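A.B. asks: Input work-v9.cif, format and content: mmCIF, C-alpha atoms.
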```cif
data_run
loop_
_atom_site.label_atom_id
_atom_site.label_comp_id
_atom_site.auth_asym_id
_atom_site.auth_seq_id
_atom_site.Cartn_x
_atom_site.Cartn_y
_atom_site.Cartn_z
CA MET X 46 -22.40 44.03 38.49
CA LYS X 47 -23.58 43.27 34.99
CA ASN X 48 -21.15 41.91 32.38
CA THR X 49 -21.65 44.03 29.25
CA GLU X 50 -18.89 42.44 27.17
CA LYS X 51 -19.98 40.44 24.16
CA VAL X 52 -19.08 36.79 24.08
CA ARG X 53 -16.66 36.11 21.23
CA LEU X 54 -16.07 32.77 19.63
CA ILE X 55 -13.17 31.80 17.42
CA SER X 56 -14.05 28.84 15.23
CA ARG X 57 -11.14 27.19 13.45
CA CYS X 58 -10.90 24.46 10.81
CA ASP X 59 -7.89 22.32 9.99
CA ASP X 60 -6.78 20.87 6.68
CA PHE X 61 -7.44 23.83 4.38
CA GLY X 62 -5.87 22.76 1.09
CA SER X 63 -6.25 19.04 1.69
CA CYS X 64 -8.98 18.64 -0.94
CA HIS X 65 -11.42 20.64 -3.06
CA ALA X 66 -14.41 19.82 -0.81
CA ALA X 67 -12.58 21.05 2.32
CA ASN X 68 -11.65 24.29 0.53
CA LEU X 69 -15.23 24.93 -0.57
CA ALA X 70 -16.59 24.14 2.90
CA ILE X 71 -14.07 26.41 4.63
CA GLY X 72 -14.77 29.23 2.15
CA LYS X 73 -18.53 28.88 2.60
CA CYS X 74 -18.35 28.68 6.40
CA HIS X 75 -16.22 31.82 6.46
CA LYS X 76 -18.57 33.74 4.13
CA GLU X 77 -21.55 32.75 6.31
CA GLY X 78 -19.82 34.02 9.45
CA ILE X 79 -19.29 30.62 11.06
CA LEU X 80 -15.54 30.35 10.57
CA THR X 81 -12.95 32.94 11.56
CA CYS X 82 -9.72 30.97 11.35
CA THR X 83 -8.23 28.07 9.38
CA SER X 84 -4.93 26.28 9.05
CA ILE X 85 -3.58 25.52 5.60
CA MET X 86 -1.66 22.42 4.54
CA VAL X 87 0.84 23.54 1.92
CA CYS X 88 2.03 20.04 1.02
CA CYS X 89 -1.43 18.89 -0.11
CA PRO X 90 -2.72 18.76 -3.71
CA TRP X 91 -5.34 21.49 -3.29
CA PHE X 92 -3.09 24.04 -1.57
CA GLU X 93 -3.08 26.53 -4.45
CA GLU X 94 -6.87 26.73 -4.48
CA ALA X 95 -6.89 27.25 -0.71
CA ALA X 96 -4.26 29.98 -1.00
CA ASP X 97 -6.39 31.74 -3.62
CA ILE X 98 -9.46 31.58 -1.35
CA ALA X 99 -7.40 32.92 1.56
CA ARG X 100 -6.05 35.85 -0.48
CA ARG X 101 -9.57 36.76 -1.62
CA ASN X 102 -10.75 36.74 2.03
CA PRO X 103 -8.21 38.84 3.96
CA ASP X 104 -10.34 38.78 7.11
CA LEU X 105 -9.96 34.97 7.30
CA GLN X 106 -7.10 34.31 9.71
CA VAL X 107 -4.75 31.67 8.25
CA GLY X 108 -2.11 29.55 9.94
CA VAL X 109 0.28 26.96 8.53
CA HIS X 110 -0.76 23.42 9.44
CA THR X 111 2.64 21.74 9.23
CA THR X 112 2.58 18.03 8.61
CA LEU X 113 4.93 15.10 8.34
CA THR X 114 2.25 12.42 7.96
CA ALA X 115 -0.54 11.67 5.46
CA GLU X 116 -3.19 9.67 7.30
CA TRP X 117 -5.70 8.90 4.54
CA HIS X 118 -5.52 5.38 3.10
CA LEU X 119 -5.98 6.10 -0.62
CA TYR X 120 -5.40 9.85 -0.66
CA ARG X 121 -1.76 10.71 0.00
CA TRP X 122 0.62 13.62 -0.10
CA GLY X 123 4.33 14.07 0.36
CA PRO X 124 6.86 16.72 1.20
CA VAL X 125 7.21 20.18 -0.29
CA LEU X 126 10.90 19.50 -0.81
CA PRO X 127 12.03 17.02 -3.47
CA VAL X 128 12.03 13.47 -2.07
CA PRO X 129 15.84 13.05 -2.50
CA GLN X 130 16.31 15.92 -0.01
CA VAL X 131 14.13 14.31 2.69
CA PRO X 132 14.26 10.53 2.12
CA SER X 133 13.89 9.65 5.80
CA LEU X 134 10.48 11.36 5.93
CA VAL X 135 8.75 9.35 3.20
CA ASN X 136 7.80 5.80 2.29
CA ASP X 137 9.03 3.91 -0.78
CA ARG X 138 6.47 5.72 -2.98
CA GLY X 139 7.55 9.19 -1.89
CA TYR X 140 4.55 9.92 0.34
CA PHE X 141 4.56 10.81 4.01
CA HIS X 142 3.93 7.86 6.31
CA PRO X 143 0.30 7.47 7.42
CA ARG X 144 0.95 7.24 11.17
CA THR X 145 3.41 8.65 13.67
CA GLN X 146 4.78 5.21 14.57
CA GLU X 147 5.58 4.46 10.92
CA PHE X 148 7.19 7.88 10.65
CA LEU X 149 9.37 7.10 13.68
CA ASP X 150 10.17 3.61 12.38
CA GLY X 151 11.61 5.31 9.28
CA ASN X 152 14.28 6.94 11.50
CA PRO X 153 13.59 10.53 10.44
CA ARG X 154 16.67 12.70 10.41
CA PRO X 155 16.27 15.91 12.45
CA ALA X 156 17.93 17.98 9.71
CA GLU X 157 15.34 16.71 7.20
CA VAL X 158 12.49 17.50 9.61
CA GLU X 159 13.81 21.03 9.98
CA ALA X 160 14.26 21.47 6.24
CA GLU X 161 10.75 20.23 5.41
CA LEU X 162 9.04 22.34 8.07
CA ARG X 163 10.95 25.41 6.88
CA ALA X 164 9.92 24.62 3.30
CA GLN X 165 6.24 24.35 4.28
CA ILE X 166 6.32 27.70 6.09
CA ASP X 167 8.30 29.34 3.28
CA ARG X 168 5.86 28.05 0.66
CA ALA X 169 2.92 29.64 2.48
CA LEU X 170 4.80 32.93 2.66
CA ALA X 171 5.77 32.70 -1.03
CA TYR X 172 2.05 32.60 -1.91
CA ASP X 173 1.57 35.98 -0.18
CA LEU X 174 -0.43 34.54 2.68
CA ASP X 175 -0.61 36.62 5.83
CA ILE X 176 0.33 33.85 8.27
CA ALA X 177 -1.03 34.34 11.78
CA TYR X 178 0.15 31.14 13.49
CA ILE X 179 1.68 27.71 13.07
CA ASP X 180 0.16 24.43 14.19
CA TYR X 181 0.70 20.78 13.35
CA GLN X 182 -1.08 17.50 12.77
CA PRO X 183 -2.61 16.29 16.06
CA ASN X 184 -1.18 12.78 15.75
CA GLU X 185 2.37 14.05 15.31
CA THR X 186 4.17 13.96 18.61
CA THR X 187 7.57 14.04 16.95
CA TYR X 188 8.16 17.78 17.07
CA ARG X 189 6.77 20.93 18.54
CA LEU X 190 6.98 24.58 17.69
CA ILE X 191 8.44 26.79 20.39
CA ASP X 192 7.49 30.45 20.65
CA ASN X 193 10.52 32.52 21.63
CA ASN X 194 8.98 35.96 22.22
CA ASN X 195 11.77 38.52 22.01
CA GLU X 196 11.93 42.03 23.45
CA THR X 197 10.39 43.63 20.34
CA GLY X 198 7.20 41.60 20.75
CA GLU X 199 7.87 39.54 17.63
CA HIS X 200 7.37 35.81 17.88
CA HIS X 201 10.12 33.69 16.35
CA TYR X 202 9.40 30.00 16.16
CA TYR X 203 11.86 27.18 16.55
CA VAL X 204 11.32 23.52 15.83
CA GLN X 205 12.24 21.04 18.54
CA ALA X 206 12.50 17.32 17.86
CA ILE X 207 10.77 15.27 20.56
CA ALA X 208 10.98 11.58 19.73
CA PHE X 209 14.03 10.78 17.67
CA GLY X 210 15.53 8.38 20.20
CA GLU X 211 17.83 11.08 21.53
CA ALA X 212 18.24 11.62 25.26
CA THR X 213 17.93 15.38 24.80
CA PRO X 214 15.70 16.93 22.15
CA THR X 215 17.48 18.93 19.46
CA THR X 216 16.43 22.52 18.80
CA PHE X 217 16.56 23.89 15.26
CA ASN X 218 16.34 27.51 14.19
CA ALA X 219 13.29 27.75 11.97
CA THR X 220 12.31 30.46 9.53
CA LYS X 221 11.61 33.61 11.53
CA PHE X 222 8.54 35.74 11.01
CA THR X 223 6.13 37.70 13.12
CA VAL X 224 2.99 35.82 14.06
CA VAL X 225 0.07 36.03 16.44
CA PRO X 226 0.24 33.24 19.03
CA THR X 227 -2.61 30.74 19.11
CA ILE X 228 -4.03 28.58 21.88
CA SER X 229 -4.52 24.91 21.13
CA THR X 230 -6.98 22.75 23.02
CA THR X 231 -5.76 19.48 21.49
#
```
Here is a file; write its structure as structure tokens.

C.D. replies:
Amino acid sequence: MKNTEKVRLISRCDDFGSCHAANLAIGKCHKEGILTCTSIMVCCPWFEEAADIARRNPDLQVGVHTTLTAEWHLYRWGPVLPVPQVPSLVNDRGYFHPRTQEFLDGNPRPAEVEAELRAQIDRALAYDLDIAYIDYQPNETTYRLIDNNNETGEHHYYVQAIAFGEATPTTFNATKFTVVPTISTT
């Protein structure tokens, strides 16, 4: 029996919105047919340019790349929310911590994690982006997004804290919207 189905490849890039060069590269790779999917970081300085590129390319599948860390040494970003609303998530300069351990050492408050993740998702939606999925920084083991598929086939995501020193993780109700699930290999 001969397999007549075409092989399909989904290529995905992270960090859309992190910098101008990443935005240009992702836009070019998509236009040349290399890239089909990208995840956007709404808390980064070049988010608005990335959102504009995404809106002009409706066949580019976009997800929200939620983040609570900023790993670059001299290039930093902070929360979407005002720092006074999420003080446990930032360093003394108002930026996200560079590493997960430093984030945990700052004793992040679960309510602030929930609020910031909601704000990141809401900001993407406010820019009229057709969000297909949610993912997160690979080095962040402090939370995960749980897909609670209901009877209507919609996927509502909830944020669960993983490493806040609690015996049992806390589940938060996150902003609900319909998304297409994604498979992560990381």

A.B. asks: Expressed in Å to a single decimal, how great is the separation between atom CA of X:Phe92 and atom CA of X:Trp117?

C.D. replies: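 Computing the Euclidean distance for atom CA of X:Phe92 and atom CA of X:Trp117 yields 16.5 Å.
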
A.B. asks: Once the PyMOL selection byres ((chain X and resi 64) around 12) is applied to the coordinates I shared, what remains selected? I want it as a VMD selection string.

C.D. replies: chain X and resid 59 to 63 65 to 71 85 to 95 117 120 to 122

A.B. asks: Which value, in Å to one decimal, gives the distance between atom CA of X:Tyr178 and atom CA of X:Thr111?

C.D. replies: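 That distance, rounded to one decimal, is 10.6 Å.
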
A.B. asks: What's the separation between atom CA of X:Val135 and atom CA of X:Glu116, in Å to one decimal place?

C.D. replies: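 Between atom CA of X:Val135 and atom CA of X:Glu116 the gap is 12.6 Å.
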
A.B. asks: Go through X:Leu105, X:Gly151, X:Tyr140, X:Arg100 one by one, measure the shortest atom-to-atom distance of each to X:Lys73 using all atoms listed in the file, and give the residue with the smallest value.

C.D. replies: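 Comparing X:Leu105, X:Gly151, X:Tyr140, X:Arg100 against X:Lys73, the winner is X:Leu105.
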
A.B. asks: Evaluate the PyMOL selection byres ((chain X and resi 159-173) around 8) against this structure - the residues, as an MDAnalysis selection string, please.

C.D. replies: chainID X and resid 87:88 96 100 109 111:112 124:126 131 155:158 174:176 204 217 219:220

A.B. asks: The PyMOL selection byres ((chain X and resi 58) around 7) - which residues does that actually catch in the file I just gave you? List them as a list of chain:residue names.

C.D. replies: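 Applying the PyMOL selection byres ((chain X and resi 58) around 7) to the structure shown produces X:Ser56, X:Arg57, X:Asp59, X:Asp60, X:Cys82, X:Thr83, X:Ser84.
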
A.B. asks: For X:Leu113, which residue out of X:Ala99, X:Leu54, X:Ile79, X:Leu149 is the nearest one, using only C-alpha atoms?

C.D. replies: X:Leu149

A.B. asks: From the set X:Asn136, X:Gln130, X:Thr81, X:Asn102, which residue has the shortest atom-to-atom contact distance to X:Asp150, counting all atoms listed in the file?

C.D. replies: X:Asn136

A.B. asks: If you take every atom of stretch 75-90 of chain X that the file lists and fit an axis-aligned box around them with 4 Å extra on each side, what centre and edge lengths come out in Å to one decimal, as AutoDock Vina command-line options?

C.D. replies:
```
--center_x -9.8 --center_y 26.4 --center_z 3.9 --size_x 31.6 --size_y 23.3 --size_z 23.3
```

A.B. asks: Taking only C-alpha atoms into account, name the residue in X:Gly108, X:Cys74, X:Ala115, X:Leu80 that is nearest to X:Ile179.

C.D. replies: X:Gly108
